[in-house]
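> Please find one structure pasted underneath; my questions will follow.
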Amino acid sequence: MKKILITGALGQIGSELTARLRDEYGANNVIATDIKMPQDSDVLQAGPFEKLDVTDAKAMFDIAKKHQVDTIMHLAALLSATAEAKPLLAWNLNMGGLVNALEVARELGCQFFTPSSIGAFGPSTPKDQTPQDTIQRPTTMYGVNKVSGELLCDYYFHKFGVDTRGVRFPGLISYVTPPGGGTTDYAVEIYYKAITDGTYTSYIAKGTYMDMMYMPDALKAIITLMEADPSKLKHRNAFNVTAMSIEPEDVARSIQKLIPSFTLKYEVDPVRQAIADSWPNSIDASAAREEWGFTAEYDLEKMTKDMLAQLKGRLLQKIG
């Protein structure tokens, strides 16, 4: 990677990935794009930025060609809960944007990354230690988008030789960007509420295990995969990655070690709960470890300690 175009650069992954890549490859070598353009964003101020609607194929091509990029990281998408509420919009944005980005990569000879998700699995997928290669019959629009995207990226590699790569992310936890409509967002919100309110009401039921990952590990996974020797990538797209399998009570207990008075309550949202119930309890990431050396540094306790410390600092800074 020498010159990188990022779509959805103001989203949960994009905002932090943009900063990390600019640190690694130079600010002028990472072109951030998004349909939004808030002037106070660090992403806009710290390097090149272009406003882009990913459903506009010509605009995407023109921006990529103008900046002579050799890598495209396509992150623009509607997340699971939002996609379920607006399924047609999700299909048009998630799949239309992906096709456009893949076409630009094909036409300009770019390396390509887009994330898939544990949402690509469904109720008939094995729930525990879900294999890399297994049945995928999701029952959500987001899941349908993600399975379609995995297959489409495979197609562009086999048919056109596009160097496509991707991971199936679990729920991602971050202190930088607020939650954005995902089913696993409770695991972000709970830390905010622990500090501001001392209590949290979870929309996900007790005992619902889902895979999670702290954002620093997610960013490292993307960069490691993109820098990996292509000859060693048997799967190439949609590698299972994970750091921990947790339920709401696990997060609460880890918080209570640092904030003993913290309490957790439940008011289950049937829509998001149904989505969560269709996903695995835990997934097997052995293919990612074997093919490109994936590792996760943060477990639940280490993540909780850092999340609370970082959020306290940011909240105090806002007050000041």
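Residue numbering restarts at 1 for every chain of the structure tokens, chains are lettered A, B, ... in their displayed order, and ligands are numbered from 1 as they appear.
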Near Ala228 in chain A, counting only C-alpha atoms, which residues have an atom at most 9 Å away, once you skip same-chain residues fewer than 5 positions from it, shown as a list in words?
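Returned residues: Ile223, Leu233, Glu291, Trp292 and Gly293 of chain A.
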> Restricting it to C-alpha atoms, dump the selection as a PDB file, in the first residue's frame.

ATOM      1  CA  ILE A 223      -3.122  -3.640   8.074  1.00  0.00           C
ATOM      2  CA  LEU A 233      -3.844 -16.519   1.442  1.00  0.00           C
ATOM      3  CA  GLU A 291      -2.514 -17.759   6.781  1.00  0.00           C
ATOM      4  CA  TRP A 292      -1.426 -14.255   7.845  1.00  0.00           C
ATOM      5  CA  GLY A 293      -0.514 -14.341  11.511  1.00  0.00           C
TER       6      GLY A 293
END
> Find the residues around Gln39 in chain A up to 12 Å (only C-alpha atoms counted), leave out those fewer than 3 positions away in its own chain, and share them as a ChimeraX atom specification.
/A:10,36,42-46,49,51
> To test your reading of the structure, identify every residue in range 228-311 of chain A that backbone DSSP assigns to strand (DSSP E), and report it as a ChimeraX atom specification.
/A:239-240,244-246,263-266
> Print the selection's residues with N, CA and C atoms to a file, as an mmCIF file, in the first residue's frame.

data_model
loop_
_atom_site.group_PDB
_atom_site.id
_atom_site.type_symbol
_atom_site.label_atom_id
_atom_site.label_comp_id
_atom_site.auth_asym_id
_atom_site.auth_seq_id
_atom_site.Cartn_x
_atom_site.Cartn_y
_atom_site.Cartn_z
ATOM 1 N N PHE A 239 -12.020 -13.623 6.270
ATOM 2 C CA PHE A 239 -11.401 -14.402 7.341
ATOM 3 C C PHE A 239 -12.134 -14.164 8.663
ATOM 4 N N ASN A 240 -12.462 -15.239 9.369
ATOM 5 C CA ASN A 240 -12.961 -15.098 10.736
ATOM 6 C C ASN A 240 -11.885 -14.465 11.613
ATOM 7 N N MET A 244 -12.732 -12.070 21.720
ATOM 8 C CA MET A 244 -13.416 -12.557 22.927
ATOM 9 C C MET A 244 -14.867 -12.874 22.592
ATOM 10 N N SER A 245 -15.439 -13.836 23.294
ATOM 11 C CA SER A 245 -16.864 -14.139 23.214
ATOM 12 C C SER A 245 -17.463 -13.783 24.566
ATOM 13 N N ILE A 246 -18.378 -12.791 24.583
ATOM 14 C CA ILE A 246 -18.872 -12.263 25.856
ATOM 15 C C ILE A 246 -20.378 -12.017 25.800
ATOM 16 N N THR A 263 -24.337 -0.710 37.908
ATOM 17 C CA THR A 263 -25.415 -1.696 37.842
ATOM 18 C C THR A 263 -25.856 -1.892 36.398
ATOM 19 N N LEU A 264 -26.350 -3.095 36.118
ATOM 20 C CA LEU A 264 -26.821 -3.453 34.780
ATOM 21 C C LEU A 264 -28.267 -3.911 34.862
ATOM 22 N N LYS A 265 -29.112 -3.354 33.990
ATOM 23 C CA LYS A 265 -30.512 -3.763 33.896
ATOM 24 C C LYS A 265 -30.799 -4.183 32.450
ATOM 25 N N TYR A 266 -32.000 -4.709 32.231
ATOM 26 C CA TYR A 266 -32.352 -5.207 30.898
ATOM 27 C C TYR A 266 -33.717 -4.697 30.449
#
> Can you tell me which residues surround Thr201 in chain A at a distance of at most 12 Å, considering only C-alpha atoms, apart from same-chain residues fewer than 3 positions away, and format the answer as JSON, numbers by chain?
{"A": [186, 187, 189, 190, 191, 192, 193, 194, 197, 198, 204, 205, 206, 248, 249, 252, 262, 263, 264, 265, 266, 267, 268, 269]}
> Pick from A:Ala85, A:Ile255, A:Val104, A:Met226: nearest to Phe294 in chain A, with only C-alpha atoms counted?
A:Met226
> Would you mind reading off the distance between CA of Ala57 in chain A and CA of Ala101 in chain A, one decimal, in Å?
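CA of Ala101 in chain A lies 7.7 Å from CA of Ala57 in chain A.
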> Counting only C-alpha atoms, figure out which residue out of A:Glu16, A:Asp211, A:Glu50, A:Asp217 gets nearest to Ile283 in chain A.
A:Asp211
> Fewer than 5 positions away in the same chain doesn't count, so skip those; otherwise give me all residues within 9 Å of Thr134 in chain A, counting only C-alpha atoms, as a list of chain:residue names.
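In the requested format, the answer is A:Phe121, A:Thr125, A:Pro126.
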> Create the file for the chosen residues now, containing C-alpha atoms and written as a tab-separated table (two decimals), in the first residue's frame.

chain	number	residue	atom	x	y	z
A	121	PHE	CA	-23.80	-16.25	9.48
A	125	THR	CA	-24.72	-21.95	11.15
A	126	PRO	CA	-22.93	-23.92	13.92
> Can you pull out every residue within 9 Å of range 22-33 of chain A, counting only C-alpha atoms, but drop anything in the same chain fewer than 4 positions away, and send it as a list in words?
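The contact residues come out as Met1, Lys2, Lys3, Ile4, Leu5, Ile6, Thr7, Gly8, Ala9, Leu10, Gly14, Ser15, Leu17, Thr18, Met37, Val43, Leu44, Ala46, Gly47, Pro48, Phe49, Glu50, Lys51, Leu52, Asp53, Ala64, His67 and Val69 of chain A.
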> So that I have them on file, write out the residues from the current selection with N, CA and C atoms, as a CSV table (one decimal), in the first residue's frame.

chain,number,residue,atom,x,y,z
A,1,MET,N,0.8,-1.2,0.0
A,1,MET,CA,0.0,0.0,0.0
A,1,MET,C,0.9,1.2,0.0
A,2,LYS,N,0.6,2.1,-1.0
A,2,LYS,CA,1.4,3.3,-1.1
A,2,LYS,C,0.5,4.6,-1.1
A,3,LYS,N,-0.7,4.4,-1.7
A,3,LYS,CA,-1.6,5.5,-1.7
A,3,LYS,C,-3.0,4.9,-1.6
A,4,ILE,N,-3.7,5.3,-0.6
A,4,ILE,CA,-4.9,4.6,-0.2
A,4,ILE,C,-6.2,5.5,-0.2
A,5,LEU,N,-7.2,5.0,-0.8
A,5,LEU,CA,-8.5,5.6,-0.8
A,5,LEU,C,-9.4,4.9,0.2
A,6,ILE,N,-10.1,5.6,1.1
A,6,ILE,CA,-11.0,5.1,2.1
A,6,ILE,C,-12.4,5.6,1.9
A,7,THR,N,-13.3,4.8,1.7
A,7,THR,CA,-14.7,5.2,1.7
A,7,THR,C,-15.3,5.0,3.1
A,8,GLY,N,-16.3,5.8,3.4
A,8,GLY,CA,-16.9,5.7,4.8
A,8,GLY,C,-15.9,6.1,5.9
A,9,ALA,N,-15.1,7.1,5.6
A,9,ALA,CA,-13.9,7.4,6.4
A,9,ALA,C,-14.3,8.1,7.7
A,10,LEU,N,-15.6,8.5,7.8
A,10,LEU,CA,-16.1,9.2,9.1
A,10,LEU,C,-16.9,8.2,9.9
A,14,GLY,N,-13.8,3.7,9.9
A,14,GLY,CA,-13.1,4.6,9.0
A,14,GLY,C,-12.3,5.7,9.7
A,15,SER,N,-12.9,6.3,10.8
A,15,SER,CA,-12.3,7.5,11.4
A,15,SER,C,-11.0,7.1,12.1
A,17,LEU,N,-9.3,4.1,11.4
A,17,LEU,CA,-8.4,3.5,10.4
A,17,LEU,C,-7.6,4.6,9.6
A,18,THR,N,-8.4,5.7,9.3
A,18,THR,CA,-7.8,6.8,8.5
A,18,THR,C,-6.6,7.4,9.3
A,37,MET,N,-19.6,15.8,5.7
A,37,MET,CA,-18.5,16.6,5.6
A,37,MET,C,-18.5,17.6,6.8
A,43,VAL,N,-10.5,13.9,10.7
A,43,VAL,CA,-10.2,13.3,9.4
A,43,VAL,C,-10.1,14.3,8.3
A,44,LEU,N,-11.0,15.3,8.3
A,44,LEU,CA,-10.9,16.4,7.2
A,44,LEU,C,-9.7,17.2,7.4
A,46,ALA,N,-6.7,16.6,8.9
A,46,ALA,CA,-5.4,16.0,9.0
A,46,ALA,C,-4.8,15.5,7.7
A,47,GLY,N,-5.6,15.5,6.6
A,47,GLY,CA,-5.1,15.0,5.3
A,47,GLY,C,-6.1,15.2,4.2
A,48,PRO,N,-5.9,14.7,3.0
A,48,PRO,CA,-6.8,14.9,1.9
A,48,PRO,C,-8.2,14.3,2.2
A,49,PHE,N,-9.2,15.0,1.8
A,49,PHE,CA,-10.6,14.6,2.0
A,49,PHE,C,-11.4,15.0,0.7
A,50,GLU,N,-12.3,14.0,0.3
A,50,GLU,CA,-13.2,14.3,-0.8
A,50,GLU,C,-14.6,13.8,-0.4
A,51,LYS,N,-15.6,14.7,-0.7
A,51,LYS,CA,-16.9,14.3,-0.4
A,51,LYS,C,-17.4,13.3,-1.5
A,52,LEU,N,-17.9,12.1,-1.1
A,52,LEU,CA,-18.3,11.1,-2.0
A,52,LEU,C,-19.5,10.3,-1.6
A,53,ASP,N,-20.4,10.2,-2.5
A,53,ASP,CA,-21.6,9.2,-2.4
A,53,ASP,C,-21.1,8.0,-3.1
A,64,ALA,N,-10.5,8.4,-7.3
A,64,ALA,CA,-9.4,7.5,-7.3
A,64,ALA,C,-8.3,7.7,-8.3
A,67,HIS,N,-6.2,11.0,-7.5
A,67,HIS,CA,-5.2,10.8,-6.5
A,67,HIS,C,-4.2,9.7,-6.8
A,69,VAL,N,-4.5,6.4,-6.7
A,69,VAL,CA,-4.4,5.4,-5.5
A,69,VAL,C,-4.1,4.0,-6.1
> Write out as a list of chain:residue names which residues come within 10 Å of Val99 in chain A when counting only C-alpha atoms, dropping same-chain ones fewer than 2 positions away.
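Within the cut-off, the hits are A:Val54, A:Thr55, A:Ala57, A:Leu93, A:Asn94, A:Met95, A:Gly96, A:Gly97, A:Ala101, A:Leu102, A:Glu103, A:Val104, A:Ala105, A:Gly149, A:Leu152, A:Cys153, A:Tyr156.
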> Might you pull out every residue within 12 Å of range 271-279 of chain A, with only C-alpha atoms counted and same-chain residues fewer than 5 positions away left off, and present them as a PyMOL selection string?
chain A and resi 79-85+117-130+136-143+170-171+181-186+202-211+245+247+266
> Please, could you write that set of residues out with C-alpha atoms as a PDB file, in the first residue's frame?

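Final file, selection_33.pdb:
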ATOM      1  CA  LEU A  79     -24.992  -1.495   9.818  1.00  0.00           C
ATOM      2  CA  SER A  80     -27.187  -4.369  10.973  1.00  0.00           C
ATOM      3  CA  ALA A  81     -29.993  -2.734  12.979  1.00  0.00           C
ATOM      4  CA  THR A  82     -30.262   0.243  10.624  1.00  0.00           C
ATOM      5  CA  ALA A  83     -30.228  -2.058   7.598  1.00  0.00           C
ATOM      6  CA  GLU A  84     -33.081  -4.106   9.042  1.00  0.00           C
ATOM      7  CA  ALA A  85     -35.152  -0.955   9.477  1.00  0.00           C
ATOM      8  CA  SER A 117     -19.170  -9.503   9.523  1.00  0.00           C
ATOM      9  CA  ILE A 118     -20.380 -12.266  11.807  1.00  0.00           C
ATOM     10  CA  GLY A 119     -23.745 -11.081  10.469  1.00  0.00           C
ATOM     11  CA  ALA A 120     -22.941 -13.184   7.391  1.00  0.00           C
ATOM     12  CA  PHE A 121     -23.804 -16.254   9.477  1.00  0.00           C
ATOM     13  CA  GLY A 122     -27.371 -17.306  10.248  1.00  0.00           C
ATOM     14  CA  PRO A 123     -29.502 -19.495  12.547  1.00  0.00           C
ATOM     15  CA  SER A 124     -28.444 -22.720  10.799  1.00  0.00           C
ATOM     16  CA  THR A 125     -24.717 -21.949  11.145  1.00  0.00           C
ATOM     17  CA  PRO A 126     -22.927 -23.919  13.923  1.00  0.00           C
ATOM     18  CA  LYS A 127     -23.155 -21.651  16.987  1.00  0.00           C
ATOM     19  CA  ASP A 128     -19.979 -22.555  18.859  1.00  0.00           C
ATOM     20  CA  GLN A 129     -16.497 -22.176  17.362  1.00  0.00           C
ATOM     21  CA  THR A 130     -18.101 -21.382  14.027  1.00  0.00           C
ATOM     22  CA  GLN A 136     -24.191 -19.185   5.627  1.00  0.00           C
ATOM     23  CA  ARG A 137     -27.936 -18.559   5.439  1.00  0.00           C
ATOM     24  CA  PRO A 138     -28.498 -15.225   7.237  1.00  0.00           C
ATOM     25  CA  THR A 139     -32.019 -13.986   7.914  1.00  0.00           C
ATOM     26  CA  THR A 140     -31.257 -10.244   7.935  1.00  0.00           C
ATOM     27  CA  MET A 141     -30.717  -7.814   5.070  1.00  0.00           C
ATOM     28  CA  TYR A 142     -27.310  -6.909   6.524  1.00  0.00           C
ATOM     29  CA  GLY A 143     -26.344 -10.572   6.558  1.00  0.00           C
ATOM     30  CA  PRO A 170     -17.246  -9.356  15.252  1.00  0.00           C
ATOM     31  CA  GLY A 171     -18.729  -6.493  17.263  1.00  0.00           C
ATOM     32  CA  GLY A 181     -26.652   1.324  14.450  1.00  0.00           C
ATOM     33  CA  GLY A 182     -25.095  -2.090  15.037  1.00  0.00           C
ATOM     34  CA  THR A 183     -26.560  -4.965  17.039  1.00  0.00           C
ATOM     35  CA  THR A 184     -23.412  -5.208  19.170  1.00  0.00           C
ATOM     36  CA  ASP A 185     -23.440  -1.490  20.053  1.00  0.00           C
ATOM     37  CA  TYR A 186     -24.524  -2.298  23.613  1.00  0.00           C
ATOM     38  CA  SER A 202     -29.132  -3.433  27.927  1.00  0.00           C
ATOM     39  CA  TYR A 203     -31.297  -4.078  24.871  1.00  0.00           C
ATOM     40  CA  ILE A 204     -29.541  -7.457  24.500  1.00  0.00           C
ATOM     41  CA  ALA A 205     -30.663 -10.222  26.862  1.00  0.00           C
ATOM     42  CA  LYS A 206     -28.571 -11.747  29.624  1.00  0.00           C
ATOM     43  CA  GLY A 207     -26.682 -14.823  28.455  1.00  0.00           C
ATOM     44  CA  THR A 208     -26.472 -13.719  24.805  1.00  0.00           C
ATOM     45  CA  TYR A 209     -22.894 -14.459  23.794  1.00  0.00           C
ATOM     46  CA  MET A 210     -21.388 -12.674  20.796  1.00  0.00           C
ATOM     47  CA  ASP A 211     -17.836 -12.214  19.569  1.00  0.00           C
ATOM     48  CA  SER A 245     -16.864 -14.139  23.214  1.00  0.00           C
ATOM     49  CA  GLU A 247     -22.391 -11.579  27.132  1.00  0.00           C
ATOM     50  CA  TYR A 266     -32.352  -5.207  30.898  1.00  0.00           C
TER      51      TYR A 266
END
> How many Å lie between CA of Ile63 in chain A and CA of Val162 in chain A, rounded to one decimal?
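Going from CA of Ile63 in chain A over to CA of Val162 in chain A covers 19.0 Å.
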> Go through A:Cys110, A:Leu21, A:Leu151, A:Ala288 one by one, measure the shortest atom-to-atom distance of each to Lys234 in chain A using only C-alpha atoms, and give the residue with the smallest value.
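Closest candidate: A:Ala288.
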> Of the candidates A:Val167, A:Pro178, A:Arg20, A:Glu301, which one gets nearest to Glu150 in chain A if we count only C-alpha atoms?
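Once distances to Glu150 in chain A are computed over only C-alpha atoms, the minimum belongs to A:Val167.
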> Hey, can you check how far CA of Arg253 in chain A sits from CA of Val176 in chain A?
22.7 Å
